[in-house]
file input01.cif (mmCIF, C-alpha atoms)
data_model
#
loop_
_atom_site.label_atom_id
_atom_site.label_comp_id
_atom_site.auth_asym_id
_atom_site.auth_seq_id
_atom_site.Cartn_x
_atom_site.Cartn_y
_atom_site.Cartn_z
CA MET A 104 -14.33 11.51 2.94
CA GLN A 105 -13.07 11.03 -0.57
CA THR A 106 -11.87 7.47 -0.02
CA GLN A 107 -15.26 6.41 1.23
CA THR A 108 -17.13 7.43 -1.88
CA LYS A 109 -14.47 6.32 -4.31
CA LYS A 110 -14.25 2.74 -3.22
CA HIS A 111 -17.65 1.95 -4.65
CA ASP A 112 -16.40 2.91 -8.08
CA SER A 113 -14.39 -0.25 -8.51
CA ASN A 114 -14.90 -3.97 -8.40
CA CYS A 115 -11.22 -4.58 -7.97
CA LEU A 116 -9.62 -6.12 -4.88
CA VAL A 117 -6.62 -3.83 -5.23
CA ALA A 118 -8.75 -0.69 -5.41
CA TYR A 119 -10.83 -1.92 -2.47
CA GLY A 120 -7.68 -2.33 -0.39
CA ILE A 121 -6.21 1.02 -1.32
CA ASP A 122 -9.48 2.85 -0.78
CA THR A 123 -10.03 1.21 2.58
CA PHE A 124 -6.67 1.54 4.29
CA GLY A 125 -4.43 3.12 1.78
CA ASP A 126 -4.19 6.86 1.98
CA ARG A 127 -0.83 8.05 3.25
CA TRP A 128 -1.94 9.23 6.67
CA SER A 129 -4.14 6.27 7.47
CA PHE A 130 -1.33 3.92 6.67
CA LEU A 131 1.15 5.88 8.80
CA VAL A 132 -1.24 5.61 11.76
CA LEU A 133 -1.36 1.84 11.19
CA ARG A 134 2.44 1.79 11.07
CA ASP A 135 2.55 3.63 14.41
CA MET A 136 0.27 1.05 15.95
CA MET A 137 2.01 -1.99 14.47
CA LEU A 138 5.65 -1.03 14.80
CA TYR A 139 5.70 1.33 17.75
CA GLY A 140 2.74 0.07 19.74
CA LYS A 141 1.21 3.55 19.80
CA CYS A 142 -2.39 3.71 20.94
CA ARG A 143 -3.15 7.30 21.98
CA TYR A 144 -4.08 10.37 19.98
CA GLY A 145 -1.15 12.37 21.33
CA ASP A 146 1.29 9.58 20.40
CA PHE A 147 0.14 9.67 16.77
CA LEU A 148 0.41 13.47 16.71
CA ALA A 149 4.00 13.22 17.93
CA SER A 150 5.17 11.13 14.94
CA GLU A 151 7.93 12.62 12.84
CA GLU A 152 5.67 13.22 9.83
CA GLN A 153 3.74 15.77 11.95
CA ILE A 154 0.21 14.88 11.00
CA ALA A 155 -2.22 17.76 11.48
CA THR A 156 -4.74 17.25 14.25
CA ASN A 157 -7.80 17.55 11.99
CA ILE A 158 -6.37 15.03 9.53
CA LEU A 159 -5.51 12.63 12.33
CA ALA A 160 -9.03 12.87 13.73
CA ALA A 161 -10.53 12.21 10.29
CA ARG A 162 -8.25 9.24 9.61
CA LEU A 163 -8.92 7.64 13.00
CA LYS A 164 -12.64 8.01 12.36
CA HIS A 165 -12.26 6.52 8.88
CA LEU A 166 -10.22 3.55 10.11
CA GLU A 167 -12.74 2.96 12.86
CA SER A 168 -15.68 3.13 10.42
CA GLU A 169 -13.91 0.56 8.23
CA GLY A 170 -13.49 -1.77 11.21
CA ILE A 171 -9.69 -1.62 11.01
CA ILE A 172 -9.23 -0.08 14.46
CA SER A 173 -11.45 0.21 17.50
CA LYS A 174 -11.44 2.67 20.36
CA ALA A 175 -12.18 2.38 24.05
CA ARG A 176 -12.12 4.84 26.93
CA ASP A 177 -8.69 5.21 28.43
CA PRO A 178 -8.91 3.85 32.01
CA GLU A 179 -6.20 6.30 33.05
CA ASN A 180 -8.01 9.32 31.63
CA ARG A 181 -11.73 9.01 31.06
CA ARG A 182 -11.77 11.93 28.64
CA SER A 183 -9.49 10.23 26.15
CA TYR A 184 -9.33 7.01 24.15
CA ILE A 185 -7.12 4.01 23.57
CA TYR A 186 -7.02 2.85 19.94
CA SER A 187 -6.28 -0.72 18.99
CA LEU A 188 -6.12 -2.83 15.85
CA THR A 189 -8.99 -5.18 15.14
CA GLU A 190 -8.48 -8.54 13.40
CA LYS A 191 -9.07 -6.74 10.10
CA GLY A 192 -6.36 -4.24 11.01
CA LEU A 193 -3.92 -6.89 12.24
CA ASP A 194 -4.37 -8.70 8.94
CA LEU A 195 -2.72 -5.70 7.24
CA ALA A 196 0.62 -6.50 8.87
CA PRO A 197 1.88 -8.53 5.86
CA VAL A 198 1.19 -5.53 3.58
CA LEU A 199 3.26 -3.36 5.93
CA LEU A 200 6.12 -5.86 5.98
CA GLU A 201 6.22 -6.10 2.17
CA ILE A 202 6.33 -2.30 1.90
CA ILE A 203 9.24 -2.24 4.37
CA ARG A 204 11.05 -4.95 2.39
CA TRP A 205 10.60 -3.04 -0.84
CA SER A 206 11.66 0.31 0.62
CA SER A 207 14.66 -1.25 2.27
CA ARG A 208 15.91 -2.29 -1.16
CA TYR A 209 15.66 1.25 -2.54
CA MET A 210 16.13 3.65 0.35
CA LYS A 211 19.41 4.41 2.03
CA MET A 212 19.45 2.49 5.28
CA THR A 213 20.40 3.38 8.82
CA ALA A 214 21.61 0.65 11.18
CA ARG A 215 18.23 0.69 12.90
CA ARG A 216 16.37 0.06 9.65
CA ARG A 217 18.88 -2.62 8.71
CA ARG A 218 18.11 -4.49 11.94
CA LEU A 219 14.38 -4.32 11.27
CA LEU A 220 14.87 -5.68 7.78
CA GLU A 221 17.11 -8.48 9.02
CA ARG A 222 14.41 -9.46 11.45
CA ILE A 223 11.73 -9.40 8.73
CA GLU A 224 13.85 -11.70 6.59
CA ALA A 225 14.83 -14.03 9.44
CA ASP A 226 11.74 -14.02 11.64
CA ARG A 227 8.71 -12.86 9.66
CA ASP A 228 6.31 -15.02 11.70
CA GLY A 229 7.79 -13.71 14.94
CA ILE A 230 7.19 -10.12 13.86
CA LEU A 231 3.63 -10.88 12.82
CA ALA A 232 3.08 -12.57 16.21
CA ASP A 233 4.50 -9.52 18.03
CA ILE A 234 2.15 -7.21 16.12
CA ARG A 235 -0.76 -9.47 16.97
CA ALA A 236 0.26 -9.43 20.64
CA ARG A 237 0.54 -5.60 20.49
CA ARG A 238 4.23 -5.73 21.28
CA ALA A 239 6.15 -2.81 19.79
CA ILE A 240 8.64 -3.89 17.14
CA LEU A 241 10.63 -0.68 17.44
CA THR A 242 10.93 1.99 20.05
CA ALA A 243 9.67 5.42 19.04
CA PRO A 244 12.23 7.40 17.03
CA MET B 1292 3.80 16.73 -7.15
CA GLN B 1293 2.87 16.52 -3.49
CA THR B 1294 4.28 13.02 -3.01
CA GLN B 1295 7.65 14.11 -4.29
CA THR B 1296 8.14 16.83 -1.72
CA LYS B 1297 6.64 14.95 1.18
CA LYS B 1298 8.85 11.94 1.08
CA HIS B 1299 11.81 13.90 2.33
CA ASP B 1300 9.92 14.71 5.51
CA SER B 1301 10.33 11.23 6.92
CA ASN B 1302 13.11 8.81 7.70
CA CYS B 1303 10.72 5.90 7.78
CA LEU B 1304 10.79 2.99 5.34
CA VAL B 1305 6.99 2.81 5.37
CA ALA B 1306 6.60 6.49 4.56
CA TYR B 1307 9.24 6.20 1.85
CA GLY B 1308 7.31 3.36 0.23
CA ILE B 1309 3.94 5.07 0.42
CA ASP B 1310 5.30 8.36 -0.86
CA THR B 1311 7.09 6.69 -3.74
CA PHE B 1312 4.47 4.35 -5.14
CA GLY B 1313 1.54 4.68 -2.89
CA ASP B 1314 -1.04 7.17 -4.02
CA ARG B 1315 -4.22 5.56 -5.22
CA TRP B 1316 -3.83 6.26 -8.92
CA SER B 1317 -0.18 5.33 -9.15
CA PHE B 1318 -0.89 2.02 -7.54
CA LEU B 1319 -3.82 1.31 -9.84
CA VAL B 1320 -1.56 1.91 -12.84
CA LEU B 1321 0.91 -0.59 -11.37
CA ARG B 1322 -1.96 -3.04 -10.88
CA ASP B 1323 -2.92 -2.63 -14.56
CA MET B 1324 0.62 -3.41 -15.60
CA MET B 1325 1.11 -6.36 -13.24
CA LEU B 1326 -2.24 -8.09 -13.46
CA TYR B 1327 -3.54 -7.15 -16.90
CA GLY B 1328 -0.28 -6.66 -18.78
CA LYS B 1329 -1.35 -3.16 -19.83
CA CYS B 1330 1.38 -1.03 -21.30
CA ARG B 1331 -0.25 1.80 -23.27
CA TYR B 1332 -1.70 5.14 -22.22
CA GLY B 1333 -5.08 4.35 -23.74
CA ASP B 1334 -5.24 1.00 -21.93
CA PHE B 1335 -4.77 2.71 -18.56
CA LEU B 1336 -7.41 5.31 -19.43
CA ALA B 1337 -9.86 2.50 -20.18
CA SER B 1338 -9.69 0.99 -16.68
CA GLU B 1339 -12.94 0.81 -14.78
CA GLU B 1340 -11.88 3.46 -12.25
CA GLN B 1341 -11.86 6.01 -15.10
CA ILE B 1342 -8.70 7.89 -14.30
CA ALA B 1343 -8.67 11.42 -15.72
CA THR B 1344 -6.16 11.96 -18.49
CA ASN B 1345 -4.24 14.73 -16.69
CA ILE B 1346 -3.94 12.61 -13.54
CA LEU B 1347 -2.79 9.60 -15.56
CA ALA B 1348 -0.13 11.69 -17.30
CA ALA B 1349 1.11 13.04 -13.96
CA ARG B 1350 1.22 9.59 -12.35
CA LEU B 1351 3.09 8.02 -15.27
CA LYS B 1352 5.60 10.83 -15.11
CA HIS B 1353 5.95 10.39 -11.35
CA LEU B 1354 6.42 6.61 -11.59
CA GLU B 1355 8.99 7.11 -14.32
CA SER B 1356 10.87 9.75 -12.30
CA GLU B 1357 10.99 7.30 -9.37
CA GLY B 1358 12.43 4.61 -11.62
CA ILE B 1359 9.44 2.31 -11.11
CA ILE B 1360 8.41 2.26 -14.77
CA SER B 1361 10.20 3.13 -17.99
CA LYS B 1362 8.86 4.19 -21.35
CA ALA B 1363 9.97 3.52 -24.91
CA ARG B 1364 8.61 4.53 -28.29
CA ASP B 1365 5.88 2.22 -29.50
CA PRO B 1366 7.27 0.47 -32.61
CA GLU B 1367 3.72 0.24 -33.98
CA ASN B 1368 3.04 3.94 -33.54
CA ARG B 1369 6.02 6.24 -33.30
CA ARG B 1370 3.95 9.00 -31.71
CA SER B 1371 3.06 6.95 -28.65
CA TYR B 1372 4.83 5.02 -25.89
CA ILE B 1373 5.02 1.59 -24.37
CA TYR B 1374 5.36 1.59 -20.59
CA SER B 1375 6.99 -1.23 -18.70
CA LEU B 1376 7.94 -2.08 -15.14
CA THR B 1377 11.58 -1.75 -14.13
CA GLU B 1378 13.17 -4.07 -11.57
CA LYS B 1379 12.18 -1.57 -8.90
CA GLY B 1380 8.59 -1.74 -10.14
CA LEU B 1381 8.55 -5.52 -10.44
CA ASP B 1382 9.74 -5.72 -6.84
CA LEU B 1383 6.41 -4.18 -5.81
CA ALA B 1384 4.53 -7.33 -6.86
CA PRO B 1385 4.60 -8.85 -3.34
CA VAL B 1386 2.98 -5.68 -1.96
CA LEU B 1387 0.24 -6.01 -4.57
CA LEU B 1388 -0.33 -9.68 -3.72
CA GLU B 1389 -0.61 -8.98 0.02
CA ILE B 1390 -3.16 -6.22 -0.66
CA ILE B 1391 -5.18 -8.66 -2.77
CA ARG B 1392 -5.01 -11.30 -0.02
CA TRP B 1393 -6.18 -8.82 2.57
CA SER B 1394 -9.00 -7.44 0.43
CA SER B 1395 -10.15 -10.92 -0.48
CA ARG B 1396 -10.74 -11.60 3.19
CA TYR B 1397 -12.94 -8.54 3.61
CA MET B 1398 -14.57 -7.81 0.26
CA LYS B 1399 -17.40 -9.80 -1.23
CA MET B 1400 -15.89 -12.02 -3.89
CA THR B 1401 -16.85 -12.86 -7.42
CA ALA B 1402 -15.82 -16.22 -8.89
CA ARG B 1403 -13.11 -14.44 -10.88
CA ARG B 1404 -11.59 -12.90 -7.78
CA ARG B 1405 -11.86 -16.21 -5.95
CA ARG B 1406 -9.79 -17.88 -8.66
CA LEU B 1407 -7.12 -15.19 -8.44
CA LEU B 1408 -6.94 -15.62 -4.69
CA GLU B 1409 -6.72 -19.40 -4.97
CA ARG B 1410 -3.82 -18.97 -7.33
CA ILE B 1411 -2.07 -16.53 -4.98
CA GLU B 1412 -2.41 -19.01 -2.13
CA ALA B 1413 -1.39 -22.06 -4.19
CA ASP B 1414 1.15 -20.61 -6.61
CA ARG B 1415 2.54 -17.32 -5.28
CA ASP B 1416 5.93 -17.87 -6.91
CA GLY B 1417 4.27 -18.67 -10.24
CA ILE B 1418 2.32 -15.42 -10.16
CA LEU B 1419 5.43 -13.43 -9.29
CA ALA B 1420 7.23 -15.15 -12.19
CA ASP B 1421 4.37 -14.31 -14.57
CA ILE B 1422 4.49 -10.65 -13.53
CA ARG B 1423 8.25 -10.62 -14.05
CA ALA B 1424 7.79 -12.16 -17.51
CA ARG B 1425 5.11 -9.55 -18.29
CA ARG B 1426 2.44 -12.21 -18.67
CA ALA B 1427 -1.02 -10.95 -17.80
CA ILE B 1428 -2.47 -12.68 -14.74
CA LEU B 1429 -6.02 -11.69 -15.63
CA THR B 1430 -7.73 -10.62 -18.80
CA ALA B 1431 -9.06 -7.06 -18.77
CA PRO B 1432 -12.46 -6.79 -17.06
#
call {"tool": "encode", "arguments": {"input": "input01.cif", "output": "structure tokens"}}
result
Amino acid sequence: MQTQTKKHDSNCLVAYGIDTFGDRWSFLVLRDMMLYGKCRYGDFLASEEQIATNILAARLKHLESEGIISKARDPENRRSYIYSLTEKGLDLAPVLLEIIRWSSRYMKMTARRRRLLERIEADRDGILADIRARRAILTAP
Amino acid sequence: MQTQTKKHDSNCLVAYGIDTFGDRWSFLVLRDMMLYGKCRYGDFLASEEQIATNILAARLKHLESEGIISKARDPENRRSYIYSLTEKGLDLAPVLLEIIRWSSRYMKMTARRRRLLERIEADRDGILADIRARRAILTAP
């Protein structure tokens, strides 16, 4: 994958971060896990951005190879997997929150978004703890 | 540009952020401005990631159209431009700092990077103030 070869081109911490977690689709999968508590392939496919199945498969594989997520057999269906954030993945939660704070300043807001932002401002540590405990911050849209 | 059409596909704050500032090259240009105080086309071209000139031109145009950077005639050379961060661009500094913090946990560190990280941990507000005042945080590599 492009991001895997490119990251060796730079000695920069910013480039390392972007090349490791930062393409659009990878980051939207991380959002689904952190905010919505999604953990199954079909749940990611159902997101409103309509990721294509081959792209989703590639991004999950990439995130797993980077140690950001891990997968385990689904006990309810042995032919499928449950994905979860590793420590390395959970440590990306502050990046996600800062992106949300920035966007909330510049994107027109619905009431639902407004509530999320208010909680980030008032209870940042609580949100980070919820993500760590795999509690969904939002219900699926 | 792809990112300009895609962003309307989603109602999500995270997707809005990523689609507005988040492709790899755009973000590396923002890094150059925030950390190294770069402001000229040739300075961005000289970065270690070796951005291609057509991609750089497209990304500068994109960032300008999103209101993240602005350009003005260079008083020293009327045929070229000086680029600077707008308020909207400066507000991305916390995202940059969180990416650096995350990467510093997972990427092998040089002494130079270690010093940057120590400053982020000890003097986050000072770094944000330096970026706002257009003071370079680092000298060019």
call {"tool": "resolve_selection", "arguments": {"input": "input01.cif", "expression": "the PyMOL selection byres ((chain A and resi 158) around 12)", "output": "list in words"}}
result
Met104, Asp126, Arg127, Trp128, Ser129, Leu131, Val132, Tyr144, Phe147, Leu148, Gln153, Ile154, Ala155, Thr156, Asn157, Leu159, Ala160, Ala161, Arg162, Leu163, Lys164 and His165 of chain A
call {"tool": "calpha_fit_and_write", "arguments": {"input": "input01.cif", "fixed": "chain B", "moving": "chain A", "output": "compact mmCIF listing (two decimals) with C-alpha atoms, keeping the file's coordinate frame"}}
result
# COMPACT_ATOMS: atom_id res chain seq x y z
CA MET A 104 3.79 16.81 -7.06
CA GLN A 105 2.81 16.53 -3.44
CA THR A 106 4.24 13.04 -2.97
CA GLN A 107 7.61 14.14 -4.23
CA THR A 108 8.09 16.86 -1.66
CA LYS A 109 6.56 14.96 1.21
CA LYS A 110 8.79 11.95 1.07
CA HIS A 111 11.75 13.92 2.33
CA ASP A 112 9.87 14.67 5.51
CA SER A 113 10.33 11.20 6.91
CA ASN A 114 13.12 8.81 7.68
CA CYS A 115 10.75 5.89 7.77
CA LEU A 116 10.81 2.98 5.33
CA VAL A 117 7.02 2.79 5.37
CA ALA A 118 6.61 6.48 4.56
CA TYR A 119 9.25 6.19 1.84
CA GLY A 120 7.31 3.35 0.23
CA ILE A 121 3.96 5.06 0.43
CA ASP A 122 5.32 8.35 -0.86
CA THR A 123 7.10 6.68 -3.73
CA PHE A 124 4.49 4.33 -5.15
CA GLY A 125 1.54 4.66 -2.91
CA ASP A 126 -1.03 7.17 -4.02
CA ARG A 127 -4.23 5.55 -5.22
CA TRP A 128 -3.83 6.26 -8.92
CA SER A 129 -0.18 5.33 -9.16
CA PHE A 130 -0.88 2.02 -7.53
CA LEU A 131 -3.83 1.32 -9.84
CA VAL A 132 -1.56 1.91 -12.85
CA LEU A 133 0.90 -0.60 -11.37
CA ARG A 134 -1.97 -3.04 -10.88
CA ASP A 135 -2.93 -2.62 -14.55
CA MET A 136 0.60 -3.41 -15.61
CA MET A 137 1.10 -6.36 -13.25
CA LEU A 138 -2.26 -8.09 -13.47
CA TYR A 139 -3.54 -7.15 -16.90
CA GLY A 140 -0.29 -6.66 -18.78
CA LYS A 141 -1.36 -3.17 -19.85
CA CYS A 142 1.38 -1.03 -21.33
CA ARG A 143 -0.25 1.80 -23.30
CA TYR A 144 -1.70 5.12 -22.23
CA GLY A 145 -5.09 4.35 -23.76
CA ASP A 146 -5.24 0.99 -21.93
CA PHE A 147 -4.76 2.71 -18.56
CA LEU A 148 -7.41 5.30 -19.43
CA ALA A 149 -9.87 2.51 -20.21
CA SER A 150 -9.69 0.99 -16.69
CA GLU A 151 -12.94 0.83 -14.78
CA GLU A 152 -11.89 3.47 -12.24
CA GLN A 153 -11.86 6.02 -15.11
CA ILE A 154 -8.70 7.88 -14.30
CA ALA A 155 -8.65 11.41 -15.71
CA THR A 156 -6.15 11.96 -18.49
CA ASN A 157 -4.23 14.71 -16.68
CA ILE A 158 -3.92 12.59 -13.54
CA LEU A 159 -2.78 9.60 -15.56
CA ALA A 160 -0.12 11.68 -17.30
CA ALA A 161 1.12 13.03 -13.96
CA ARG A 162 1.24 9.58 -12.35
CA LEU A 163 3.09 8.00 -15.28
CA LYS A 164 5.62 10.82 -15.11
CA HIS A 165 5.97 10.37 -11.34
CA LEU A 166 6.44 6.60 -11.59
CA GLU A 167 8.99 7.10 -14.33
CA SER A 168 10.89 9.73 -12.30
CA GLU A 169 10.99 7.28 -9.38
CA GLY A 170 12.44 4.57 -11.63
CA ILE A 171 9.44 2.29 -11.12
CA ILE A 172 8.42 2.25 -14.78
CA SER A 173 10.20 3.12 -17.99
CA LYS A 174 8.88 4.18 -21.37
CA ALA A 175 9.97 3.52 -24.92
CA ARG A 176 8.61 4.54 -28.30
CA ASP A 177 5.90 2.22 -29.52
CA PRO A 178 7.27 0.48 -32.65
CA GLU A 179 3.73 0.26 -34.01
CA ASN A 180 3.04 3.96 -33.56
CA ARG A 181 6.01 6.27 -33.29
CA ARG A 182 3.94 9.02 -31.69
CA SER A 183 3.07 6.95 -28.65
CA TYR A 184 4.83 5.01 -25.90
CA ILE A 185 5.03 1.57 -24.39
CA TYR A 186 5.36 1.57 -20.59
CA SER A 187 7.00 -1.25 -18.71
CA LEU A 188 7.95 -2.09 -15.14
CA THR A 189 11.58 -1.77 -14.14
CA GLU A 190 13.19 -4.10 -11.57
CA LYS A 191 12.17 -1.59 -8.90
CA GLY A 192 8.59 -1.74 -10.15
CA LEU A 193 8.55 -5.54 -10.44
CA ASP A 194 9.75 -5.73 -6.85
CA LEU A 195 6.41 -4.19 -5.81
CA ALA A 196 4.54 -7.33 -6.86
CA PRO A 197 4.60 -8.85 -3.33
CA VAL A 198 2.99 -5.66 -1.95
CA LEU A 199 0.24 -6.01 -4.56
CA LEU A 200 -0.33 -9.67 -3.72
CA GLU A 201 -0.60 -8.95 0.02
CA ILE A 202 -3.15 -6.20 -0.66
CA ILE A 203 -5.17 -8.65 -2.78
CA ARG A 204 -4.99 -11.28 -0.02
CA TRP A 205 -6.18 -8.80 2.57
CA SER A 206 -9.00 -7.42 0.43
CA SER A 207 -10.13 -10.89 -0.49
CA ARG A 208 -10.73 -11.58 3.19
CA TYR A 209 -12.94 -8.51 3.61
CA MET A 210 -14.57 -7.80 0.27
CA LYS A 211 -17.40 -9.78 -1.23
CA MET A 212 -15.90 -12.01 -3.87
CA THR A 213 -16.86 -12.87 -7.42
CA ALA A 214 -15.81 -16.21 -8.90
CA ARG A 215 -13.11 -14.44 -10.88
CA ARG A 216 -11.59 -12.89 -7.77
CA ARG A 217 -11.86 -16.21 -5.95
CA ARG A 218 -9.78 -17.88 -8.67
CA LEU A 219 -7.11 -15.19 -8.42
CA LEU A 220 -6.93 -15.61 -4.67
CA GLU A 221 -6.72 -19.39 -4.95
CA ARG A 222 -3.81 -18.98 -7.31
CA ILE A 223 -2.06 -16.53 -4.95
CA GLU A 224 -2.40 -19.02 -2.11
CA ALA A 225 -1.38 -22.05 -4.19
CA ASP A 226 1.17 -20.61 -6.60
CA ARG A 227 2.54 -17.33 -5.27
CA ASP A 228 5.94 -17.86 -6.92
CA GLY A 229 4.28 -18.68 -10.23
CA ILE A 230 2.33 -15.42 -10.14
CA LEU A 231 5.43 -13.42 -9.29
CA ALA A 232 7.24 -15.15 -12.18
CA ASP A 233 4.37 -14.31 -14.57
CA ILE A 234 4.50 -10.64 -13.53
CA ARG A 235 8.24 -10.62 -14.05
CA ALA A 236 7.78 -12.17 -17.50
CA ARG A 237 5.09 -9.54 -18.29
CA ARG A 238 2.44 -12.20 -18.67
CA ALA A 239 -1.03 -10.95 -17.79
CA ILE A 240 -2.48 -12.66 -14.73
CA LEU A 241 -6.03 -11.69 -15.63
CA THR A 242 -7.73 -10.61 -18.79
CA ALA A 243 -9.07 -7.06 -18.79
CA PRO A 244 -12.47 -6.77 -17.11
call {"tool": "resolve_selection", "arguments": {"input": "input01.cif", "expression": "the PyMOL selection byres ((chain B) within 9 of (chain A))", "output": "CSV table (one decimal) with C-alpha atoms, in the coordinates of the input"}}
result
chain,number,residue,atom,x,y,z
B,1297,LYS,CA,6.6,15.0,1.2
B,1300,ASP,CA,9.9,14.7,5.5
B,1301,SER,CA,10.3,11.2,6.9
B,1302,ASN,CA,13.1,8.8,7.7
B,1303,CYS,CA,10.7,5.9,7.8
B,1304,LEU,CA,10.8,3.0,5.3
B,1305,VAL,CA,7.0,2.8,5.4
B,1306,ALA,CA,6.6,6.5,4.6
B,1307,TYR,CA,9.2,6.2,1.8
B,1308,GLY,CA,7.3,3.4,0.2
B,1309,ILE,CA,3.9,5.1,0.4
B,1310,ASP,CA,5.3,8.4,-0.9
B,1311,THR,CA,7.1,6.7,-3.7
B,1313,GLY,CA,1.5,4.7,-2.9
B,1314,ASP,CA,-1.0,7.2,-4.0
B,1315,ARG,CA,-4.2,5.6,-5.2
B,1318,PHE,CA,-0.9,2.0,-7.5
B,1319,LEU,CA,-3.8,1.3,-9.8
B,1322,ARG,CA,-2.0,-3.0,-10.9
B,1339,GLU,CA,-12.9,0.8,-14.8
B,1340,GLU,CA,-11.9,3.5,-12.2
B,1341,GLN,CA,-11.9,6.0,-15.1
B,1379,LYS,CA,12.2,-1.6,-8.9
B,1382,ASP,CA,9.7,-5.7,-6.8
B,1383,LEU,CA,6.4,-4.2,-5.8
B,1385,PRO,CA,4.6,-8.8,-3.3
B,1386,VAL,CA,3.0,-5.7,-2.0
B,1387,LEU,CA,0.2,-6.0,-4.6
B,1388,LEU,CA,-0.3,-9.7,-3.7
B,1389,GLU,CA,-0.6,-9.0,0.0
B,1390,ILE,CA,-3.2,-6.2,-0.7
B,1391,ILE,CA,-5.2,-8.7,-2.8
B,1392,ARG,CA,-5.0,-11.3,0.0
B,1393,TRP,CA,-6.2,-8.8,2.6
B,1394,SER,CA,-9.0,-7.4,0.4
B,1395,SER,CA,-10.2,-10.9,-0.5
B,1396,ARG,CA,-10.7,-11.6,3.2
B,1397,TYR,CA,-12.9,-8.5,3.6
B,1398,MET,CA,-14.6,-7.8,0.3
B,1400,MET,CA,-15.9,-12.0,-3.9
B,1404,ARG,CA,-11.6,-12.9,-7.8
call {"tool": "atom_distance", "arguments": {"input": "input01.cif", "atom1": "CA of Leu193 (chain A)", "atom2": "CA of Glu169 (chain A)"}}
result
13.1 Å
call {"tool": "atom_distance", "arguments": {"input": "input01.cif", "atom1": "CA of Asp146 (chain A)", "atom2": "CA of Lys174 (chain A)"}}
result
14.5 Å
call {"tool": "closest_residue", "arguments": {"input": "input01.cif", "among": "A:Cys142, A:Tyr184, A:Glu179, A:Met137", "to": "Ala232 (chain A)", "atoms": "all atoms listed in the file"}}
result
A:Met137
call {"tool": "resolve_selection", "arguments": {"input": "input01.cif", "expression": "the PyMOL selection byres ((chain A and resi 240) around 10)", "output": "list in words"}}
result
Met136, Met137, Leu138, Tyr139, Gly140, Leu219, Arg222, Ile230, Leu231, Asp233, Ile234, Arg237, Arg238, Ala239, Leu241, Thr242 and Ala243 of chain A
call {"tool": "decode", "arguments": {"input": "input01.cif", "residues": "region 1381-1395 of chain B", "atoms": "C-alpha atoms", "output": "PDB file, in the first residue's frame"}}
result
ATOM      1  CA  LEU B1381      -3.808  28.415  13.050  1.00  0.00           C
ATOM      2  CA  ASP B1382      -6.638  26.608  14.818  1.00  0.00           C
ATOM      3  CA  LEU B1383      -5.245  23.362  13.407  1.00  0.00           C
ATOM      4  CA  ALA B1384      -2.140  23.631  15.603  1.00  0.00           C
ATOM      5  CA  PRO B1385      -3.616  21.460  18.405  1.00  0.00           C
ATOM      6  CA  VAL B1386      -4.278  18.678  15.864  1.00  0.00           C
ATOM      7  CA  LEU B1387      -0.642  18.894  14.774  1.00  0.00           C
ATOM      8  CA  LEU B1388       0.606  18.749  18.369  1.00  0.00           C
ATOM      9  CA  GLU B1389      -1.510  15.680  19.191  1.00  0.00           C
ATOM     10  CA  ILE B1390      -0.183  13.894  16.090  1.00  0.00           C
ATOM     11  CA  ILE B1391       3.372  14.699  17.199  1.00  0.00           C
ATOM     12  CA  ARG B1392       2.642  13.409  20.711  1.00  0.00           C
ATOM     13  CA  TRP B1393       1.207  10.193  19.347  1.00  0.00           C
ATOM     14  CA  SER B1394       4.035   9.617  16.877  1.00  0.00           C
ATOM     15  CA  SER B1395       6.641  10.339  19.526  1.00  0.00           C
TER      16      SER B1395
END
